[in-house]
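Here is the file coords.cif (mmCIF, C-alpha atoms).
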data_protein
loop_
_atom_site.group_PDB
_atom_site.id
_atom_site.type_symbol
_atom_site.label_atom_id
_atom_site.label_comp_id
_atom_site.auth_asym_id
_atom_site.auth_seq_id
_atom_site.Cartn_x
_atom_site.Cartn_y
_atom_site.Cartn_z
ATOM 1 C CA MET A 1450 77.076 35.834 85.120
ATOM 2 C CA PHE A 1451 76.649 39.307 83.534
ATOM 3 C CA ARG A 1452 74.146 39.679 80.744
ATOM 4 C CA PRO A 1453 75.485 41.578 77.626
ATOM 5 C CA ALA A 1454 73.561 44.709 78.570
ATOM 6 C CA SER A 1455 75.080 44.646 82.040
ATOM 7 C CA VAL A 1456 78.569 44.328 80.585
ATOM 8 C CA ALA A 1457 77.984 47.408 78.455
ATOM 9 C CA VAL A 1458 76.782 49.401 81.446
ATOM 10 C CA VAL A 1459 79.798 48.384 83.529
ATOM 11 C CA ALA A 1460 82.184 49.259 80.676
ATOM 12 C CA THR A 1461 80.600 52.713 80.319
ATOM 13 C CA LEU A 1462 80.932 53.333 84.057
ATOM 14 C CA LEU A 1463 84.580 52.262 84.053
ATOM 15 C CA LEU A 1464 85.387 54.580 81.130
ATOM 16 C CA THR A 1465 83.713 57.441 82.981
ATOM 17 C CA LEU A 1466 85.618 56.743 86.193
ATOM 18 C CA ILE A 1467 89.038 56.586 84.528
ATOM 19 C CA GLY A 1468 88.351 59.754 82.499
ATOM 20 C CA ALA A 1469 88.763 58.177 79.073
ATOM 21 C CA THR A 1470 89.213 60.760 76.328
ATOM 22 C CA PRO A 1471 87.032 60.795 73.227
ATOM 23 C CA ALA A 1472 88.404 59.252 70.047
ATOM 24 C CA ALA A 1473 90.675 61.583 68.111
ATOM 25 C CA ALA A 1474 89.230 63.368 65.109
ATOM 26 C CA ALA A 1475 90.187 62.397 61.564
ATOM 27 C CA ILE A 1476 90.595 64.191 58.263
ATOM 28 C CA GLU A 1477 87.278 63.643 56.502
ATOM 29 C CA PRO A 1478 86.171 64.166 52.892
ATOM 30 C CA VAL A 1479 83.372 66.658 52.284
ATOM 31 C CA PRO A 1480 81.817 65.487 48.996
ATOM 32 C CA SER A 1481 79.350 68.342 48.555
ATOM 33 C CA PHE A 1482 80.162 71.980 49.241
ATOM 34 C CA GLY A 1483 78.703 73.928 46.314
ATOM 35 C CA SER A 1484 78.907 74.134 42.546
ATOM 36 C CA ASN A 1485 82.699 73.592 42.706
ATOM 37 C CA PRO A 1486 83.601 75.287 39.396
ATOM 38 C CA GLY A 1487 87.294 74.449 39.880
ATOM 39 C CA ASN A 1488 86.632 70.710 40.246
ATOM 40 C CA LEU A 1489 88.632 70.409 43.471
ATOM 41 C CA LYS A 1490 88.240 67.898 46.282
ATOM 42 C CA MET A 1491 87.501 69.054 49.823
ATOM 43 C CA PHE A 1492 88.801 67.522 53.036
ATOM 44 C CA ARG A 1493 88.386 68.900 56.537
ATOM 45 C CA TYR A 1494 89.729 68.363 60.042
ATOM 46 C CA VAL A 1495 87.430 69.333 62.916
ATOM 47 C CA PRO A 1496 88.816 68.596 66.407
ATOM 48 C CA THR A 1497 86.581 66.500 68.623
ATOM 49 C CA GLY A 1498 84.283 68.656 70.729
ATOM 50 C CA LEU A 1499 85.174 71.882 68.918
ATOM 51 C CA PRO A 1500 82.831 74.650 70.129
ATOM 52 C CA ALA A 1501 81.200 77.162 67.812
ATOM 53 C CA GLY A 1502 82.868 80.505 67.215
ATOM 54 C CA ARG A 1503 86.353 79.109 66.612
ATOM 55 C CA PRO A 1504 88.759 80.045 63.761
ATOM 56 C CA VAL A 1505 89.310 78.337 60.406
ATOM 57 C CA VAL A 1506 92.615 77.762 58.585
ATOM 58 C CA VAL A 1507 92.662 76.818 54.891
ATOM 59 C CA ALA A 1508 95.869 74.866 54.167
ATOM 60 C CA LEU A 1509 96.860 74.420 50.504
ATOM 61 C CA HIS A 1510 99.296 71.673 49.539
ATOM 62 C CA GLY A 1511 102.147 71.959 47.059
ATOM 63 C CA CYS A 1512 102.665 70.151 43.749
ATOM 64 C CA THR A 1513 102.711 66.319 43.948
ATOM 65 C CA GLN A 1514 101.309 66.486 47.490
ATOM 66 C CA ASN A 1515 97.808 65.736 48.731
ATOM 67 C CA ALA A 1516 95.514 67.394 51.231
ATOM 68 C CA SER A 1517 95.874 65.025 54.174
ATOM 69 C CA GLY A 1518 99.629 64.606 53.789
ATOM 70 C CA TYR A 1519 100.186 68.346 53.797
ATOM 71 C CA GLY A 1520 97.717 69.084 56.579
ATOM 72 C CA THR A 1521 99.350 66.504 58.833
ATOM 73 C CA GLY A 1522 102.957 66.986 57.730
ATOM 74 C CA ALA A 1523 102.929 70.774 58.020
ATOM 75 C CA GLY A 1524 101.579 70.474 61.564
ATOM 76 C CA TRP A 1525 98.177 72.040 61.012
ATOM 77 C CA THR A 1526 96.076 69.157 62.293
ATOM 78 C CA GLU A 1527 98.032 68.762 65.544
ATOM 79 C CA LEU A 1528 97.859 72.520 66.105
ATOM 80 C CA ALA A 1529 94.107 72.385 65.462
ATOM 81 C CA ASP A 1530 93.779 69.997 68.401
ATOM 82 C CA ARG A 1531 95.949 72.204 70.610
ATOM 83 C CA MET A 1532 94.584 75.610 69.602
ATOM 84 C CA LYS A 1533 91.020 74.518 68.767
ATOM 85 C CA PHE A 1534 90.270 75.496 65.182
ATOM 86 C CA THR A 1535 89.078 73.816 61.984
ATOM 87 C CA VAL A 1536 91.410 73.019 59.092
ATOM 88 C CA VAL A 1537 90.024 73.119 55.539
ATOM 89 C CA LEU A 1538 92.154 71.063 53.160
ATOM 90 C CA PRO A 1539 91.456 71.590 49.437
ATOM 91 C CA GLU A 1540 92.982 69.013 47.118
ATOM 92 C CA GLN A 1541 93.913 69.419 43.468
ATOM 93 C CA GLN A 1542 93.035 66.688 40.974
ATOM 94 C CA SER A 1543 95.448 65.424 38.329
ATOM 95 C CA GLY A 1544 92.788 66.073 35.692
ATOM 96 C CA ASN A 1545 93.159 69.786 36.403
ATOM 97 C CA ASN A 1546 96.950 69.754 36.658
ATOM 98 C CA PHE A 1547 99.126 66.706 35.941
ATOM 99 C CA ASN A 1548 101.422 67.407 38.919
ATOM 100 C CA LYS A 1549 98.470 68.261 41.184
ATOM 101 C CA CYS A 1550 99.581 71.893 41.447
ATOM 102 C CA PHE A 1551 96.912 74.472 42.135
ATOM 103 C CA ASN A 1552 96.615 76.629 39.022
ATOM 104 C CA TRP A 1553 97.732 79.921 40.599
ATOM 105 C CA PHE A 1554 98.736 81.227 37.148
ATOM 106 C CA GLU A 1555 95.564 80.569 35.106
ATOM 107 C CA ARG A 1556 93.195 83.537 34.801
ATOM 108 C CA GLY A 1557 90.151 81.274 34.870
ATOM 109 C CA ASP A 1558 91.256 79.870 38.252
ATOM 110 C CA THR A 1559 92.505 83.086 39.820
ATOM 111 C CA THR A 1560 89.557 85.414 39.271
ATOM 112 C CA ARG A 1561 86.980 86.079 41.979
ATOM 113 C CA GLY A 1562 83.885 83.948 41.488
ATOM 114 C CA GLN A 1563 85.562 81.565 39.043
ATOM 115 C CA GLY A 1564 87.376 78.234 38.919
ATOM 116 C CA GLU A 1565 89.568 76.977 41.727
ATOM 117 C CA THR A 1566 89.377 80.283 43.554
ATOM 118 C CA GLU A 1567 85.608 80.086 43.898
ATOM 119 C CA SER A 1568 85.754 76.387 44.830
ATOM 120 C CA ILE A 1569 88.009 77.207 47.793
ATOM 121 C CA ALA A 1570 85.730 80.085 48.800
ATOM 122 C CA GLN A 1571 82.783 77.671 48.738
ATOM 123 C CA MET A 1572 84.668 75.319 51.056
ATOM 124 C CA VAL A 1573 85.116 78.159 53.526
ATOM 125 C CA ARG A 1574 81.448 79.169 53.400
ATOM 126 C CA THR A 1575 80.346 75.564 53.905
ATOM 127 C CA THR A 1576 82.684 75.144 56.865
ATOM 128 C CA ILE A 1577 81.457 78.313 58.567
ATOM 129 C CA THR A 1578 77.890 77.064 58.206
ATOM 130 C CA ASP A 1579 78.663 73.497 59.302
ATOM 131 C CA THR A 1580 80.830 74.310 62.333
ATOM 132 C CA GLY A 1581 79.536 77.707 63.422
ATOM 133 C CA ALA A 1582 83.039 79.104 62.944
ATOM 134 C CA ASP A 1583 83.831 82.787 63.397
ATOM 135 C CA PRO A 1584 83.796 84.323 59.869
ATOM 136 C CA ALA A 1585 86.098 87.104 61.070
ATOM 137 C CA ARG A 1586 88.824 84.597 62.002
ATOM 138 C CA VAL A 1587 89.479 82.752 58.752
ATOM 139 C CA HIS A 1588 93.068 82.435 57.491
ATOM 140 C CA VAL A 1589 94.716 80.811 54.483
ATOM 141 C CA THR A 1590 98.195 79.398 53.944
ATOM 142 C CA GLY A 1591 100.029 77.099 51.577
ATOM 143 C CA LEU A 1592 103.303 75.829 50.179
ATOM 144 C CA SER A 1593 104.729 76.452 46.690
ATOM 145 C CA ALA A 1594 101.781 76.238 44.268
ATOM 146 C CA GLY A 1595 99.646 76.290 47.415
ATOM 147 C CA GLY A 1596 101.538 79.427 48.418
ATOM 148 C CA GLY A 1597 100.802 80.946 45.036
ATOM 149 C CA MET A 1598 97.133 80.074 45.486
ATOM 150 C CA THR A 1599 97.252 81.564 48.993
ATOM 151 C CA ALA A 1600 98.277 84.885 47.437
ATOM 152 C CA VAL A 1601 95.410 84.453 44.959
ATOM 153 C CA MET A 1602 92.847 83.883 47.720
ATOM 154 C CA LEU A 1603 94.064 86.889 49.722
ATOM 155 C CA ALA A 1604 93.775 89.084 46.625
ATOM 156 C CA THR A 1605 90.441 87.804 45.304
ATOM 157 C CA TYR A 1606 88.651 87.303 48.634
ATOM 158 C CA PRO A 1607 90.223 89.842 51.025
ATOM 159 C CA ASP A 1608 86.821 90.168 52.668
ATOM 160 C CA MET A 1609 86.923 86.466 53.603
ATOM 161 C CA PHE A 1610 90.418 86.199 55.090
ATOM 162 C CA ALA A 1611 91.863 88.007 58.085
ATOM 163 C CA GLY A 1612 95.348 86.973 57.072
ATOM 164 C CA GLY A 1613 97.505 84.525 55.199
ATOM 165 C CA GLY A 1614 100.841 82.767 55.180
ATOM 166 C CA VAL A 1615 102.700 82.302 51.887
ATOM 167 C CA VAL A 1616 105.439 79.658 51.989
ATOM 168 C CA ALA A 1617 107.732 79.606 48.935
ATOM 169 C CA GLY A 1618 104.979 81.268 46.928
ATOM 170 C CA ILE A 1619 104.433 83.845 44.211
ATOM 171 C CA ALA A 1620 102.844 87.301 44.118
ATOM 172 C CA TYR A 1621 99.323 87.576 42.741
ATOM 173 C CA ARG A 1622 99.155 88.080 38.967
ATOM 174 C CA CYS A 1623 102.861 87.497 38.406
ATOM 175 C CA ALA A 1624 101.895 85.023 35.675
ATOM 176 C CA ALA A 1625 99.002 84.603 33.260
ATOM 177 C CA SER A 1626 99.895 81.174 31.812
ATOM 178 C CA MET A 1627 101.841 78.022 32.645
ATOM 179 C CA VAL A 1628 104.767 79.089 30.474
ATOM 180 C CA ASP A 1629 104.811 82.469 32.201
ATOM 181 C CA ALA A 1630 104.697 80.752 35.595
ATOM 182 C CA PHE A 1631 108.143 79.230 35.209
ATOM 183 C CA SER A 1632 109.796 82.627 34.697
ATOM 184 C CA CYS A 1633 107.976 83.899 37.787
ATOM 185 C CA MET A 1634 109.255 80.994 39.834
ATOM 186 C CA ASN A 1635 112.885 81.348 38.771
ATOM 187 C CA PRO A 1636 114.565 83.738 38.281
ATOM 188 C CA GLY A 1637 111.470 85.765 39.195
ATOM 189 C CA LYS A 1638 110.062 89.010 37.849
ATOM 190 C CA ASN A 1639 110.677 92.540 39.030
ATOM 191 C CA LEU A 1640 107.373 94.411 38.851
ATOM 192 C CA THR A 1641 106.818 97.803 40.443
ATOM 193 C CA PRO A 1642 105.148 97.941 43.864
ATOM 194 C CA ALA A 1643 102.359 100.046 42.325
ATOM 195 C CA ALA A 1644 101.661 97.467 39.619
ATOM 196 C CA LEU A 1645 101.676 94.669 42.175
ATOM 197 C CA GLY A 1646 99.351 96.569 44.494
ATOM 198 C CA ASP A 1647 97.038 97.561 41.650
ATOM 199 C CA ALA A 1648 96.610 93.891 40.738
ATOM 200 C CA VAL A 1649 95.240 93.169 44.204
ATOM 201 C CA ARG A 1650 93.036 96.249 44.283
ATOM 202 C CA ALA A 1651 91.546 95.254 40.924
ATOM 203 C CA ALA A 1652 90.826 91.685 42.009
ATOM 204 C CA SER A 1653 87.737 92.438 44.100
ATOM 205 C CA PRO A 1654 85.431 95.306 45.050
ATOM 206 C CA HIS A 1655 86.924 95.287 48.551
ATOM 207 C CA THR A 1656 88.514 98.542 49.750
ATOM 208 C CA GLY A 1657 89.848 97.434 53.134
ATOM 209 C CA PRO A 1658 90.769 96.569 55.757
ATOM 210 C CA TRP A 1659 93.239 94.225 54.113
ATOM 211 C CA PRO A 1660 94.519 90.829 55.275
ATOM 212 C CA THR A 1661 97.841 90.542 57.045
ATOM 213 C CA VAL A 1662 100.495 88.541 55.198
ATOM 214 C CA SER A 1663 103.326 86.341 56.507
ATOM 215 C CA VAL A 1664 105.971 85.426 53.909
ATOM 216 C CA TRP A 1665 108.285 82.417 54.418
ATOM 217 C CA GLN A 1666 111.151 81.819 51.986
ATOM 218 C CA GLY A 1667 114.246 79.615 51.911
ATOM 219 C CA SER A 1668 117.407 81.432 50.872
ATOM 220 C CA ALA A 1669 118.623 78.321 48.979
ATOM 221 C CA ASP A 1670 115.335 77.664 47.209
ATOM 222 C CA TYR A 1671 116.111 77.072 43.527
ATOM 223 C CA THR A 1672 112.534 76.165 42.606
ATOM 224 C CA VAL A 1673 110.893 79.390 43.766
ATOM 225 C CA ALA A 1674 113.612 82.026 43.836
ATOM 226 C CA PRO A 1675 113.931 84.286 46.905
ATOM 227 C CA ALA A 1676 113.160 87.296 44.677
ATOM 228 C CA ASN A 1677 109.517 86.228 44.925
ATOM 229 C CA ALA A 1678 109.459 87.034 48.633
ATOM 230 C CA THR A 1679 110.503 90.584 47.766
ATOM 231 C CA GLU A 1680 107.681 90.838 45.247
ATOM 232 C CA LEU A 1681 105.160 89.649 47.832
ATOM 233 C CA VAL A 1682 106.384 92.215 50.345
ATOM 234 C CA GLU A 1683 106.180 94.990 47.758
ATOM 235 C CA GLN A 1684 102.699 93.878 46.728
ATOM 236 C CA TRP A 1685 101.188 93.786 50.192
ATOM 237 C CA THR A 1686 102.962 96.781 51.701
ATOM 238 C CA ASN A 1687 101.687 98.764 48.726
ATOM 239 C CA VAL A 1688 98.163 97.473 49.343
ATOM 240 C CA HIS A 1689 98.446 98.468 52.999
ATOM 241 C CA GLY A 1690 99.802 101.863 51.995
ATOM 242 C CA ILE A 1691 103.147 101.591 53.777
ATOM 243 C CA PRO A 1692 106.782 101.600 52.573
ATOM 244 C CA ALA A 1693 108.461 98.311 51.667
ATOM 245 C CA THR A 1694 111.019 98.994 54.392
ATOM 246 C CA PRO A 1695 110.903 97.023 57.647
ATOM 247 C CA THR A 1696 109.804 98.884 60.751
ATOM 248 C CA SER A 1697 111.655 96.313 62.864
ATOM 249 C CA THR A 1698 113.970 93.341 62.409
ATOM 250 C CA ASP A 1699 115.090 90.532 64.681
ATOM 251 C CA THR A 1700 115.905 86.833 64.565
ATOM 252 C CA VAL A 1701 113.554 83.965 65.378
ATOM 253 C CA ALA A 1702 115.117 80.544 66.001
ATOM 254 C CA GLY A 1703 118.258 82.020 64.432
ATOM 255 C CA TYR A 1704 116.540 83.150 61.218
ATOM 256 C CA PRO A 1705 116.134 86.759 60.009
ATOM 257 C CA HIS A 1706 112.626 88.110 60.641
ATOM 258 C CA ALA A 1707 111.334 91.467 59.410
ATOM 259 C CA VAL A 1708 108.105 93.260 60.308
ATOM 260 C CA TYR A 1709 106.294 95.946 58.312
ATOM 261 C CA ALA A 1710 103.803 97.809 60.485
ATOM 262 C CA ALA A 1711 100.952 100.183 59.749
ATOM 263 C CA ASN A 1712 100.022 102.502 62.621
ATOM 264 C CA GLY A 1713 101.987 100.272 64.965
ATOM 265 C CA ARG A 1714 100.229 97.065 63.850
ATOM 266 C CA PRO A 1715 102.255 94.382 62.023
ATOM 267 C CA VAL A 1716 100.579 93.809 58.653
ATOM 268 C CA VAL A 1717 103.365 92.137 56.654
ATOM 269 C CA GLU A 1718 106.254 90.019 57.918
ATOM 270 C CA THR A 1719 108.994 87.904 56.381
ATOM 271 C CA TYR A 1720 110.960 84.918 57.621
ATOM 272 C CA THR A 1721 114.132 84.177 55.652
ATOM 273 C CA LEU A 1722 115.154 80.551 56.196
ATOM 274 C CA THR A 1723 118.906 80.749 55.730
ATOM 275 C CA GLY A 1724 120.216 77.755 53.788
ATOM 276 C CA MET A 1725 116.779 76.151 53.376
ATOM 277 C CA GLY A 1726 115.699 74.785 50.008
ATOM 278 C CA HIS A 1727 112.177 74.386 48.664
ATOM 279 C CA GLY A 1728 109.695 73.274 51.290
ATOM 280 C CA GLN A 1729 107.666 73.899 54.434
ATOM 281 C CA PRO A 1730 109.686 74.801 57.557
ATOM 282 C CA LEU A 1731 109.109 72.352 60.415
ATOM 283 C CA ASP A 1732 110.345 71.605 63.915
ATOM 284 C CA PRO A 1733 109.047 68.131 64.804
ATOM 285 C CA GLY A 1734 108.688 67.362 68.487
ATOM 286 C CA THR A 1735 106.460 67.770 71.517
ATOM 287 C CA GLY A 1736 107.574 71.214 72.687
ATOM 288 C CA GLU A 1737 105.169 74.134 72.759
ATOM 289 C CA GLN A 1738 106.580 75.728 69.608
ATOM 290 C CA GLN A 1739 107.191 72.472 67.775
ATOM 291 C CA CYS A 1740 105.042 70.810 65.135
ATOM 292 C CA GLY A 1741 105.121 68.921 61.871
ATOM 293 C CA THR A 1742 106.425 65.658 60.438
ATOM 294 C CA ALA A 1743 109.410 65.744 58.083
ATOM 295 C CA GLY A 1744 109.109 64.360 54.552
ATOM 296 C CA ALA A 1745 109.353 65.404 50.931
ATOM 297 C CA TYR A 1746 109.149 69.218 50.831
ATOM 298 C CA LEU A 1747 108.475 69.137 54.593
ATOM 299 C CA LEU A 1748 111.808 70.252 56.030
ATOM 300 C CA ASP A 1749 113.045 69.984 59.607
ATOM 301 C CA VAL A 1750 114.853 73.298 60.049
ATOM 302 C CA ASN A 1751 114.127 73.830 63.756
ATOM 303 C CA ILE A 1752 111.271 76.275 63.239
ATOM 304 C CA CYS A 1753 107.632 75.369 62.630
ATOM 305 C CA ALA A 1754 106.032 77.905 60.334
ATOM 306 C CA ALA A 1755 102.523 76.733 61.214
ATOM 307 C CA TRP A 1756 103.033 77.392 64.924
ATOM 308 C CA HIS A 1757 104.372 80.901 64.337
ATOM 309 C CA MET A 1758 101.527 81.726 61.952
ATOM 310 C CA GLY A 1759 98.933 80.320 64.343
ATOM 311 C CA THR A 1760 100.353 82.324 67.222
ATOM 312 C CA ALA A 1761 100.468 85.550 65.192
ATOM 313 C CA TRP A 1762 96.857 84.928 64.183
ATOM 314 C CA HIS A 1763 95.838 84.346 67.840
ATOM 315 C CA LEU A 1764 94.175 81.067 66.901
ATOM 316 C CA ALA A 1765 94.271 79.827 70.497
ATOM 317 C CA GLY A 1766 92.680 82.991 71.859
#

Final structure tokens representation of the file:
Amino acid sequence: MFRPASVAVVATLLLTLIGATPAAAAIEPVPSFGSNPGNLKMFRYVPTGLPAGRPVVVALHGCTQNASGYGTGAGWTELADRMKFTVVLPEQQSGNNFNKCFNWFERGDTTRGQGETESIAQMVRTTITDTGADPARVHVTGLSAGGGMTAVMLATYPDMFAGGGVVAGIAYRCAASMVDAFSCMNPGKNLTPAALGDAVRAASPHTGPWPTVSVWQGSADYTVAPANATELVEQWTNVHGIPATPTSTDTVAGYPHAVYAANGRPVVETYTLTGMGHGQPLDPGTGEQQCGTAGAYLLDVNICAAWHMGTAWHLAG
């Protein structure tokens, strides 16, 4: 008869022989990450066995969503396992905003070093320290209010982010209050490219190089009007010092795609999701370009925005 210790040894040997894989990682809370002036919660997904020197993606949920639901539903956690990067998942609290929207329109939360903006920056700094991530390969993305906060982070911390992906979001400094935010969302404002670019240039002492920006917008989005995608393009092409005219256009998965290049390098791009309403574009499945799980504001439209962003950002490289 085997003694308990012998059973454990045999079990370990059998697992080794059959090549058992380590347990999958999980989204974990990070209770302490700094002074947290914006009173946000922090969650994080670190793939099992992730080596040092890998990228980081900050993924910001939309209104009524939560961190883990968005990170999983949008496809970011499964891509993290495949491409080997860390996902930082900030979460809004209802005490800050009843609908759990990030406050992309409040000056106190959209100014460098203050409020929610600084809380997210602290999450990034903590993650770089904890995981040994490459500080030159940090990206940020988000949906709706998370898309608006993505634009905020790119403007206020352009030295922290190599690039970003704004999904159904709003240009930085479109609004200065909650009431103002609704007119930005729909029908949208029409500010000059210079004014939009000046807002970004005034948001930090940074003078370049600037983050790249990927803009994703549904043509049938009646929550965040498509005019906002135009404003984002005008804002970031102005910052990059190039015309708001595409240098090339094509279709990806049947959807119009435009690229705005500076010195031959794509720095701004747009995906127009024809017929899509308000939500994150997904393509659930097991194919190479597929990812995501459909749900509320997580829309199966046969293209996974997260995969295309991750590929453009060379996260697997």

Which residues come within 10 Å of segment 1509-1523 of chain A, counting all atoms listed in the file, excluding same-chain residues fewer than 5 positions away, as a VMD selection string? chain A and resid 1475 to 1478 1490 to 1494 1528 1536 to 1543 1546 to 1551 1569 1589 to 1599 1615 to 1618 1728 to 1733 1740 to 1748 1753 to 1756

Could you please take those selected residues and save C-alpha atoms as a compact mmCIF listing (two decimals), in the coordinates of the input?
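Produced file result.txt, reproduced below:
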# COMPACT_ATOMS: atom_id res chain seq x y z
CA ALA A 1475 90.19 62.40 61.56
CA ILE A 1476 90.60 64.19 58.26
CA GLU A 1477 87.28 63.64 56.50
CA PRO A 1478 86.17 64.17 52.89
CA LYS A 1490 88.24 67.90 46.28
CA MET A 1491 87.50 69.05 49.82
CA PHE A 1492 88.80 67.52 53.04
CA ARG A 1493 88.39 68.90 56.54
CA TYR A 1494 89.73 68.36 60.04
CA LEU A 1528 97.86 72.52 66.10
CA VAL A 1536 91.41 73.02 59.09
CA VAL A 1537 90.02 73.12 55.54
CA LEU A 1538 92.15 71.06 53.16
CA PRO A 1539 91.46 71.59 49.44
CA GLU A 1540 92.98 69.01 47.12
CA GLN A 1541 93.91 69.42 43.47
CA GLN A 1542 93.04 66.69 40.97
CA SER A 1543 95.45 65.42 38.33
CA ASN A 1546 96.95 69.75 36.66
CA PHE A 1547 99.13 66.71 35.94
CA ASN A 1548 101.42 67.41 38.92
CA LYS A 1549 98.47 68.26 41.18
CA CYS A 1550 99.58 71.89 41.45
CA PHE A 1551 96.91 74.47 42.14
CA ILE A 1569 88.01 77.21 47.79
CA VAL A 1589 94.72 80.81 54.48
CA THR A 1590 98.20 79.40 53.94
CA GLY A 1591 100.03 77.10 51.58
CA LEU A 1592 103.30 75.83 50.18
CA SER A 1593 104.73 76.45 46.69
CA ALA A 1594 101.78 76.24 44.27
CA GLY A 1595 99.65 76.29 47.42
CA GLY A 1596 101.54 79.43 48.42
CA GLY A 1597 100.80 80.95 45.04
CA MET A 1598 97.13 80.07 45.49
CA THR A 1599 97.25 81.56 48.99
CA VAL A 1615 102.70 82.30 51.89
CA VAL A 1616 105.44 79.66 51.99
CA ALA A 1617 107.73 79.61 48.94
CA GLY A 1618 104.98 81.27 46.93
CA GLY A 1728 109.70 73.27 51.29
CA GLN A 1729 107.67 73.90 54.43
CA PRO A 1730 109.69 74.80 57.56
CA LEU A 1731 109.11 72.35 60.42
CA ASP A 1732 110.34 71.60 63.92
CA PRO A 1733 109.05 68.13 64.80
CA CYS A 1740 105.04 70.81 65.14
CA GLY A 1741 105.12 68.92 61.87
CA THR A 1742 106.42 65.66 60.44
CA ALA A 1743 109.41 65.74 58.08
CA GLY A 1744 109.11 64.36 54.55
CA ALA A 1745 109.35 65.40 50.93
CA TYR A 1746 109.15 69.22 50.83
CA LEU A 1747 108.48 69.14 54.59
CA LEU A 1748 111.81 70.25 56.03
CA CYS A 1753 107.63 75.37 62.63
CA ALA A 1754 106.03 77.90 60.33
CA ALA A 1755 102.52 76.73 61.21
CA TRP A 1756 103.03 77.39 64.92

Report, in Å to a single decimal, how far apart atom CA of Glu1718 of chain A and atom CA of Cys1623 of chain A are.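 Between atom CA of Cys1623 of chain A and atom CA of Glu1718 of chain A the gap works out to 20.0 Å.
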
List the residues matched by the PyMOL selection byres ((chain A and resi 1642-1644) around 7) in the displayed structure as a list in words, ordered by chain and then by residue number.
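Selected by the PyMOL selection byres ((chain A and resi 1642-1644) around 7) in this file: Leu1640, Thr1641, Leu1645, Gly1646, Asp1647, Ala1648, Glu1683, Gln1684 and Asn1687 of chain A.
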
Taken to one decimal, the atom CA of Gln1739 of chain A-atom CA of Asn1751 of chain A distance is 8.1 Å

### Query
In Å to one decimal, how far is atom CA of Met1758 of chain A from atom CA of Ala1674 of chain A?
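Going from atom CA of Ala1674 of chain A over to atom CA of Met1758 of chain A covers 21.8 Å.
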
message = Evaluated on this file, the PyMOL selection byres ((chain A and resi 1584) around 9) picks out some residues - which ones are they, written as number ranges by chain?
response = A: 1502-1505, 1573-1574, 1577, 1581-1583, 1585-1587, 1609-1610

Protein, DNA and RNA residues within 12 Å of (95.3, 96.9, 64.9), only C-alpha atoms, as a short mmCIF file (atom, residue, chain, number, x, y, z; two decimals) with C-alpha atoms, in the frame of the given file:
data_model
loop_
_atom_site.label_atom_id
_atom_site.label_comp_id
_atom_site.auth_asym_id
_atom_site.auth_seq_id
_atom_site.Cartn_x
_atom_site.Cartn_y
_atom_site.Cartn_z
CA ALA A 1611 91.86 88.01 58.08
CA PRO A 1658 90.77 96.57 55.76
CA TRP A 1659 93.24 94.22 54.11
CA PRO A 1660 94.52 90.83 55.28
CA THR A 1661 97.84 90.54 57.04
CA ALA A 1710 103.80 97.81 60.48
CA ALA A 1711 100.95 100.18 59.75
CA ASN A 1712 100.02 102.50 62.62
CA GLY A 1713 101.99 100.27 64.96
CA ARG A 1714 100.23 97.06 63.85
CA PRO A 1715 102.26 94.38 62.02
CA VAL A 1716 100.58 93.81 58.65
#
